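Take a look at the structure set out below.
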Amino acid sequence: MGKDGFRALVAVGVMGPLLVVLGALAVPASRTFLVSFFKPPPLPTSSVVDSGPPPPKIEALPRVVEPTGAESIELRTLLQDAPSSAHHPVIRGKRTALFGTASLDARPPTTRPAGLHRPGILTRDDPRIDSAMLRLVMDKTARENFISAVKHSGRWSADISKILKEWRVPDELQAIIYVESAFVPTVCSDDGCGLWQLTPDVAHVYGLAMLPTYDERRGIAAGTGAAAHYLFDLRERLGTWELAILAYNVGYKATLDELAKHATTNYWDIVSWLPRELSDYVAQVLGTAYLLANLDRFGFDTVKREEPVTTSALDVPNGVTFALLAKTGNISVASLRTLNPEYSDDAVPATSFPMVVHVPAGTYVRMKELLPLFMQGGHNENPVVHDQAAAQNHEVPVVSIGLDKRIFYKVKEGDTLASLSRRYGTAVEIIASDNAIDPTTSLQPGKMLAIRVADTPPPPANQ
């Protein structure tokens, strides 16, 4: 056999079986037989090791995210006393002072103008905030409400700013007052009262008195002090002003529940899950703050605000009437009531704690001196006028207090302690001491001074 014949024989010997196998695999029954033939046999039952019951299935634990700020005693008390709100947050009544009852549009009807100053309390822009701001600009009723609130703010805004600053609360959060009460301190709703519409539980925890005829929530200084303290605590605990504003409206516990439900401490992570009333409220406050920061861009900078009022706190006894107080200050009962919105009766109620009435700063000295005398009925109905200028200005002339006689004198331009000392024969040091002022200070026109006079005062000095 030659080489070629041998090669042909080897090729047939190798290729033949291969062709047979491939042909068998093309037939399903043959393919199943061949696969099972080469499959390893199963292990005998006795060789399986018994390892006990299968391990329990491990469920993914819920992610817990807690605010990292300190929780004040006041917030802890509110948390302990609050009802459960894990499923349905307690929603306060709609705030209608500026926006009415309609919900905000998810998208504003027009584009927010470019180049507006952005409030520092806002960490990001949002269409619903734009919608709130532009509603105050474009909606006739909302615009009128906002203009009225701007006018009223002039009376109290400066004093409120000082209190907010003491608590390190941004002045921009006066926007809450606009939304809650439109700067009308006597307004009360089903769930709040005063400029800040503080709820009874918050007012109680932060130390405000609530009596049938006296409610400190309506007081300018007391109500603002409690609201500022509350906002400071919320911001410290929750970390952002957006969450502090949300908690101010819906409550501290309800806010914690909502954050825990979504495992976050970021307001913008939960805003789309909140009930519409809650997200609207936050947008209203932030939108109002946006507008307040840009009054000139929308023509509101020309709104004439009410004149600010400087007041002094006068200690008063229980039962004294506003009519008597007004008489001692030579002011109207209506103006005195305006300065004291916390009182809802014609007299100071009987309480176990000292009471104060806010009076115009220029009348404080006179009212402090005259009130005890008037309450005793010892004031002079026909007093002797020692100063003709004072008589022409309808000032209270000489009254007797013990062995002293005093005149209540309104400072005029050019008056000095020295000139008044010469006019009434009373040492500069005595005038200064009686009025708690520095003997070297310059007198401000309009300030009321109590000045002792002799039985026979010297003639008025020429000025």
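A note on labels: chains of the structure tokens are A, B, ... as shown, every chain counts residues from 1, and ligands are counted from 1 in their shown order.
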
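Shell of His229 (chain A) at 12 Å, with only C-alpha atoms counted and residues fewer than 4 places along the chain excluded, is A:Ser72, A:Ile73, A:Glu74, A:Leu75, A:Ile163, A:Leu164, A:Lys165, A:Glu166, A:Trp167, A:Arg168, A:Val169, A:Leu198, A:Val202, A:Ala203, A:Val205, A:Tyr206, A:Gly207, A:Leu208, A:Ala222, A:Gly223, A:Thr224, A:Gly225, A:Asp233, A:Leu234, A:Arg235, A:Glu236, A:Ala244, A:Tyr248.
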
How about saving the chosen residues, C-alpha atoms kept, as a PDB file, in the first residue's frame?
```
ATOM      1  CA  SER A  72     -34.407  72.037  72.691  1.00  0.00           C
ATOM      2  CA  ILE A  73     -36.475  71.316  75.786  1.00  0.00           C
ATOM      3  CA  GLU A  74     -39.364  73.189  74.203  1.00  0.00           C
ATOM      4  CA  LEU A  75     -39.298  71.046  71.042  1.00  0.00           C
ATOM      5  CA  ILE A 163     -36.221  90.721  68.234  1.00  0.00           C
ATOM      6  CA  LEU A 164     -35.530  88.434  65.269  1.00  0.00           C
ATOM      7  CA  LYS A 165     -31.918  89.562  65.259  1.00  0.00           C
ATOM      8  CA  GLU A 166     -31.568  88.675  68.937  1.00  0.00           C
ATOM      9  CA  TRP A 167     -32.611  85.110  68.087  1.00  0.00           C
ATOM     10  CA  ARG A 168     -30.455  84.969  64.923  1.00  0.00           C
ATOM     11  CA  VAL A 169     -33.554  84.557  62.786  1.00  0.00           C
ATOM     12  CA  LEU A 198     -49.150  80.998  67.200  1.00  0.00           C
ATOM     13  CA  VAL A 202     -46.580  76.471  71.010  1.00  0.00           C
ATOM     14  CA  ALA A 203     -47.636  79.554  73.002  1.00  0.00           C
ATOM     15  CA  VAL A 205     -44.494  75.817  75.744  1.00  0.00           C
ATOM     16  CA  TYR A 206     -42.775  79.123  74.942  1.00  0.00           C
ATOM     17  CA  GLY A 207     -44.215  80.889  77.973  1.00  0.00           C
ATOM     18  CA  LEU A 208     -47.037  83.085  76.694  1.00  0.00           C
ATOM     19  CA  ALA A 222     -44.240  88.872  73.383  1.00  0.00           C
ATOM     20  CA  GLY A 223     -45.658  87.131  70.313  1.00  0.00           C
ATOM     21  CA  THR A 224     -42.596  87.908  68.201  1.00  0.00           C
ATOM     22  CA  GLY A 225     -40.246  86.749  70.947  1.00  0.00           C
ATOM     23  CA  ASP A 233     -35.179  75.959  67.699  1.00  0.00           C
ATOM     24  CA  LEU A 234     -36.687  74.451  64.551  1.00  0.00           C
ATOM     25  CA  ARG A 235     -33.789  75.628  62.390  1.00  0.00           C
ATOM     26  CA  GLU A 236     -31.202  74.333  64.864  1.00  0.00           C
ATOM     27  CA  ALA A 244     -38.320  75.125  59.816  1.00  0.00           C
ATOM     28  CA  TYR A 248     -43.897  76.078  61.838  1.00  0.00           C
TER      29      TYR A 248
END
```

For this session: Quick one: everything within 12 Å of Leu246 (chain A), counting only C-alpha atoms, minus sequence neighbours fewer than 5 positions away in the same chain. Send it as a VMD selection string.
Result: chain A and resid 89 to 92 176 231 234 to 235 238 240 to 241 251 to 256 258 to 259 266 to 268 270 to 271 274 to 275 277 to 286

All residues 10 Å or closer to Lys304 (chain A), only C-alpha atoms, same chain fewer than 2 positions away omitted, as a PDB file with all heavy atoms, in the first residue's frame:
```
ATOM      1  N   ILE A 147     -50.367  94.973  49.505  1.00  0.00           N
ATOM      2  CA  ILE A 147     -50.133  96.409  49.705  1.00  0.00           C
ATOM      3  C   ILE A 147     -50.610  96.829  51.093  1.00  0.00           C
ATOM      4  O   ILE A 147     -49.928  97.584  51.801  1.00  0.00           O
ATOM      5  CB  ILE A 147     -50.838  97.220  48.607  1.00  0.00           C
ATOM      6  CG1 ILE A 147     -50.144  97.007  47.263  1.00  0.00           C
ATOM      7  CG2 ILE A 147     -50.864  98.705  48.960  1.00  0.00           C
ATOM      8  CD1 ILE A 147     -50.847  97.662  46.092  1.00  0.00           C
ATOM      9  N   SER A 148     -51.774  96.327  51.510  1.00  0.00           N
ATOM     10  CA  SER A 148     -52.278  96.648  52.851  1.00  0.00           C
ATOM     11  C   SER A 148     -51.318  96.155  53.926  1.00  0.00           C
ATOM     12  O   SER A 148     -51.054  96.859  54.916  1.00  0.00           O
ATOM     13  CB  SER A 148     -53.659  96.011  53.039  1.00  0.00           C
ATOM     14  OG  SER A 148     -54.141  96.199  54.350  1.00  0.00           O
ATOM     15  N   VAL A 150     -48.067  95.669  53.616  1.00  0.00           N
ATOM     16  CA  VAL A 150     -46.860  96.507  53.593  1.00  0.00           C
ATOM     17  C   VAL A 150     -47.116  97.802  54.363  1.00  0.00           C
ATOM     18  O   VAL A 150     -46.262  98.270  55.126  1.00  0.00           O
ATOM     19  CB  VAL A 150     -46.438  96.806  52.138  1.00  0.00           C
ATOM     20  CG1 VAL A 150     -45.311  97.836  52.110  1.00  0.00           C
ATOM     21  CG2 VAL A 150     -45.983  95.527  51.445  1.00  0.00           C
ATOM     22  N   LYS A 151     -48.287  98.397  54.181  1.00  0.00           N
ATOM     23  CA  LYS A 151     -48.621  99.630  54.914  1.00  0.00           C
ATOM     24  C   LYS A 151     -48.605  99.383  56.412  1.00  0.00           C
ATOM     25  O   LYS A 151     -48.007 100.133  57.176  1.00  0.00           O
ATOM     26  CB  LYS A 151     -49.994 100.137  54.470  1.00  0.00           C
ATOM     27  CG  LYS A 151     -50.051 100.696  53.067  1.00  0.00           C
ATOM     28  CD  LYS A 151     -51.466 101.143  52.721  1.00  0.00           C
ATOM     29  CE  LYS A 151     -51.539 101.727  51.324  1.00  0.00           C
ATOM     30  NZ  LYS A 151     -52.935 102.111  50.962  1.00  0.00           N
ATOM     31  N   HIS A 152     -49.281  98.326  56.859  1.00  0.00           N
ATOM     32  CA  HIS A 152     -49.355  98.032  58.299  1.00  0.00           C
ATOM     33  C   HIS A 152     -47.990  97.693  58.880  1.00  0.00           C
ATOM     34  O   HIS A 152     -47.737  97.941  60.072  1.00  0.00           O
ATOM     35  CB  HIS A 152     -50.310  96.871  58.551  1.00  0.00           C
ATOM     36  CG  HIS A 152     -51.748  97.173  58.265  1.00  0.00           C
ATOM     37  ND1 HIS A 152     -52.325  98.394  58.529  1.00  0.00           N
ATOM     38  CD2 HIS A 152     -52.733  96.406  57.718  1.00  0.00           C
ATOM     39  CE1 HIS A 152     -53.596  98.378  58.181  1.00  0.00           C
ATOM     40  NE2 HIS A 152     -53.874  97.189  57.684  1.00  0.00           N
ATOM     41  N   GLY A 154     -45.207  99.040  58.587  1.00  0.00           N
ATOM     42  CA  GLY A 154     -44.398 100.174  59.020  1.00  0.00           C
ATOM     43  C   GLY A 154     -44.476 100.438  60.511  1.00  0.00           C
ATOM     44  O   GLY A 154     -43.503 100.891  61.120  1.00  0.00           O
ATOM     45  N   PHE A 300     -43.642  98.210  44.276  1.00  0.00           N
ATOM     46  CA  PHE A 300     -44.157  98.294  45.636  1.00  0.00           C
ATOM     47  C   PHE A 300     -43.318  99.201  46.536  1.00  0.00           C
ATOM     48  O   PHE A 300     -43.690  99.443  47.683  1.00  0.00           O
ATOM     49  CB  PHE A 300     -44.233  96.897  46.262  1.00  0.00           C
ATOM     50  CG  PHE A 300     -45.260  96.006  45.635  1.00  0.00           C
ATOM     51  CD1 PHE A 300     -44.884  94.888  44.912  1.00  0.00           C
ATOM     52  CD2 PHE A 300     -46.607  96.285  45.761  1.00  0.00           C
ATOM     53  CE1 PHE A 300     -45.813  94.052  44.329  1.00  0.00           C
ATOM     54  CE2 PHE A 300     -47.564  95.459  45.184  1.00  0.00           C
ATOM     55  CZ  PHE A 300     -47.167  94.341  44.461  1.00  0.00           C
ATOM     56  N   ASP A 301     -42.186  99.666  46.049  1.00  0.00           N
ATOM     57  CA  ASP A 301     -41.324 100.496  46.885  1.00  0.00           C
ATOM     58  C   ASP A 301     -41.933 101.868  47.141  1.00  0.00           C
ATOM     59  O   ASP A 301     -41.454 102.607  48.012  1.00  0.00           O
ATOM     60  CB  ASP A 301     -39.938 100.647  46.252  1.00  0.00           C
ATOM     61  CG  ASP A 301     -40.007 101.185  44.838  1.00  0.00           C
ATOM     62  OD1 ASP A 301     -40.980 100.868  44.134  1.00  0.00           O
ATOM     63  OD2 ASP A 301     -39.088 101.906  44.431  1.00  0.00           O
ATOM     64  N   THR A 302     -42.977 102.234  46.424  1.00  0.00           N
ATOM     65  CA  THR A 302     -43.624 103.542  46.625  1.00  0.00           C
ATOM     66  C   THR A 302     -44.775 103.473  47.616  1.00  0.00           C
ATOM     67  O   THR A 302     -45.392 104.492  47.921  1.00  0.00           O
ATOM     68  CB  THR A 302     -44.148 104.068  45.280  1.00  0.00           C
ATOM     69  OG1 THR A 302     -45.100 103.136  44.734  1.00  0.00           O
ATOM     70  CG2 THR A 302     -43.007 104.261  44.291  1.00  0.00           C
ATOM     71  N   GLU A 306     -47.082 102.937  57.421  1.00  0.00           N
ATOM     72  CA  GLU A 306     -47.470 103.655  58.626  1.00  0.00           C
ATOM     73  C   GLU A 306     -46.219 104.041  59.419  1.00  0.00           C
ATOM     74  O   GLU A 306     -45.211 103.336  59.378  1.00  0.00           O
ATOM     75  CB  GLU A 306     -48.392 102.793  59.482  1.00  0.00           C
ATOM     76  CG  GLU A 306     -49.729 102.500  58.830  1.00  0.00           C
ATOM     77  CD  GLU A 306     -50.593 101.591  59.678  1.00  0.00           C
ATOM     78  OE1 GLU A 306     -50.165 101.233  60.812  1.00  0.00           O
ATOM     79  OE2 GLU A 306     -51.693 101.220  59.229  1.00  0.00           O
ATOM     80  N   GLU A 307     -46.320 105.141  60.134  1.00  0.00           N
ATOM     81  CA  GLU A 307     -45.186 105.602  60.912  1.00  0.00           C
ATOM     82  C   GLU A 307     -44.882 104.633  62.057  1.00  0.00           C
ATOM     83  O   GLU A 307     -45.804 104.137  62.709  1.00  0.00           O
ATOM     84  CB  GLU A 307     -45.462 106.992  61.489  1.00  0.00           C
ATOM     85  CG  GLU A 307     -45.510 108.097  60.450  1.00  0.00           C
ATOM     86  CD  GLU A 307     -44.159 108.300  59.788  1.00  0.00           C
ATOM     87  OE1 GLU A 307     -43.128 108.178  60.487  1.00  0.00           O
ATOM     88  OE2 GLU A 307     -44.135 108.566  58.577  1.00  0.00           O
TER      89      GLU A 307
END
```

List every residue of region 123-196 of chain A that has an atom at most 9 Å from any atom of region 339-346 of chain A, and for each one report the closest atom pair and its distance in Å to one decimal, counting only C-alpha atoms, with rows sorted by chain and then by increasing residue number, as JSON lines.
```
{"residue": "A:Pro185", "atom": "CA", "partner": "A:Pro341", "partner_atom": "CA", "distance": 6.4}
{"residue": "A:Thr186", "atom": "CA", "partner": "A:Pro341", "partner_atom": "CA", "distance": 5.8}
{"residue": "A:Gly194", "atom": "CA", "partner": "A:Glu342", "partner_atom": "CA", "distance": 8.4}
```

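Distances to Asp81 (chain A) were evaluated for A:Glu369, A:Asp201, A:Lys140, A:Thr440 using only C-alpha atoms, and the minimum falls at A:Asp201.
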
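Among the candidates A:Val250, A:Leu371, A:Leu417, A:Ile245, the one nearest to Asp438 (chain A) when counting only C-alpha atoms is A:Leu417.
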
Exercise. Which residues in region 50-278 of chain A does DSSP call helix (DSSP H, G or I)? List them as a ChimeraX atom specification.
Worked result: /A:73-81,127-138,140-166,171-181,200-205,216-218,220-238,241-250,252-262,267-273,276-278

Exercise. Can you tell me, as a count of residues only, what residues are no more than 8 Å from Met448 (chain A) when counting only C-alpha atoms, ignoring any on the same chain fewer than 5 positions away?
Worked result: 9

Exercise. Skipping near chain neighbours, those fewer than 6 positions away, what residues fall within 10 Å of Ala158 (chain A) using only C-alpha atoms, listed as a VMD selection string?
Worked result: chain A and resid 171 308 to 310

Saved selection, atoms kept: all heavy atoms, as an mmCIF file, in the first residue's frame:
```
data_model
loop_
_atom_site.group_PDB
_atom_site.id
_atom_site.type_symbol
_atom_site.label_atom_id
_atom_site.label_comp_id
_atom_site.auth_asym_id
_atom_site.auth_seq_id
_atom_site.Cartn_x
_atom_site.Cartn_y
_atom_site.Cartn_z
ATOM 1 N N ASP A 171 -34.297 88.380 59.032
ATOM 2 C CA ASP A 171 -35.397 89.331 58.939
ATOM 3 C C ASP A 171 -36.351 88.971 57.798
ATOM 4 O O ASP A 171 -37.517 89.360 57.804
ATOM 5 C CB ASP A 171 -34.832 90.744 58.728
ATOM 6 C CG ASP A 171 -35.837 91.825 59.070
ATOM 7 O OD1 ASP A 171 -36.460 91.743 60.144
ATOM 8 O OD2 ASP A 171 -36.019 92.756 58.260
ATOM 9 N N PRO A 308 -43.621 104.343 62.295
ATOM 10 C CA PRO A 308 -43.276 103.469 63.426
ATOM 11 C C PRO A 308 -43.609 104.136 64.750
ATOM 12 O O PRO A 308 -43.604 105.367 64.862
ATOM 13 C CB PRO A 308 -41.772 103.251 63.262
ATOM 14 C CG PRO A 308 -41.298 104.419 62.461
ATOM 15 C CD PRO A 308 -42.429 104.785 61.552
ATOM 16 N N VAL A 309 -43.898 103.323 65.729
ATOM 17 C CA VAL A 309 -44.261 103.818 67.055
ATOM 18 C C VAL A 309 -43.232 103.325 68.061
ATOM 19 O O VAL A 309 -42.955 102.124 68.133
ATOM 20 C CB VAL A 309 -45.662 103.341 67.469
ATOM 21 C CG1 VAL A 309 -45.990 103.827 68.880
ATOM 22 C CG2 VAL A 309 -46.704 103.846 66.479
ATOM 23 N N THR A 310 -42.658 104.251 68.807
ATOM 24 C CA THR A 310 -41.727 103.884 69.877
ATOM 25 C C THR A 310 -42.500 103.860 71.184
ATOM 26 O O THR A 310 -43.126 104.857 71.562
ATOM 27 C CB THR A 310 -40.573 104.894 69.976
ATOM 28 O OG1 THR A 310 -39.915 104.979 68.709
ATOM 29 C CG2 THR A 310 -39.572 104.464 71.035
#
```

Problem set entry | Distance criterion (only C-alpha atoms): nearest to Asp296 (chain A) out of A:Val65, A:Arg337, A:His117, A:Gly425 | A:His117

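The strand (DSSP E) portion of region 59-219 of chain A consists of Met210, Leu211, Tyr214 and Asp215 of chain A, with states taken from DSSP on the backbone.
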
Seminar exercise, completed: In Å and to one decimal, CA of Lys327 (chain A) is distant from CA of Ala361 (chain A) by 15.6 Å

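Between CA of Leu134 (chain A) and CA of Pro109 (chain A) there is a distance of 8.1 Å.
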
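The coordinates place CA of Thr123 (chain A) at 25.8 Å from CA of Arg143 (chain A).
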
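Nearest to Val137 (chain A) of all the residues A:Phe298, A:Trp196, A:Tyr230, A:Tyr214 is A:Phe298, based on only C-alpha atoms.
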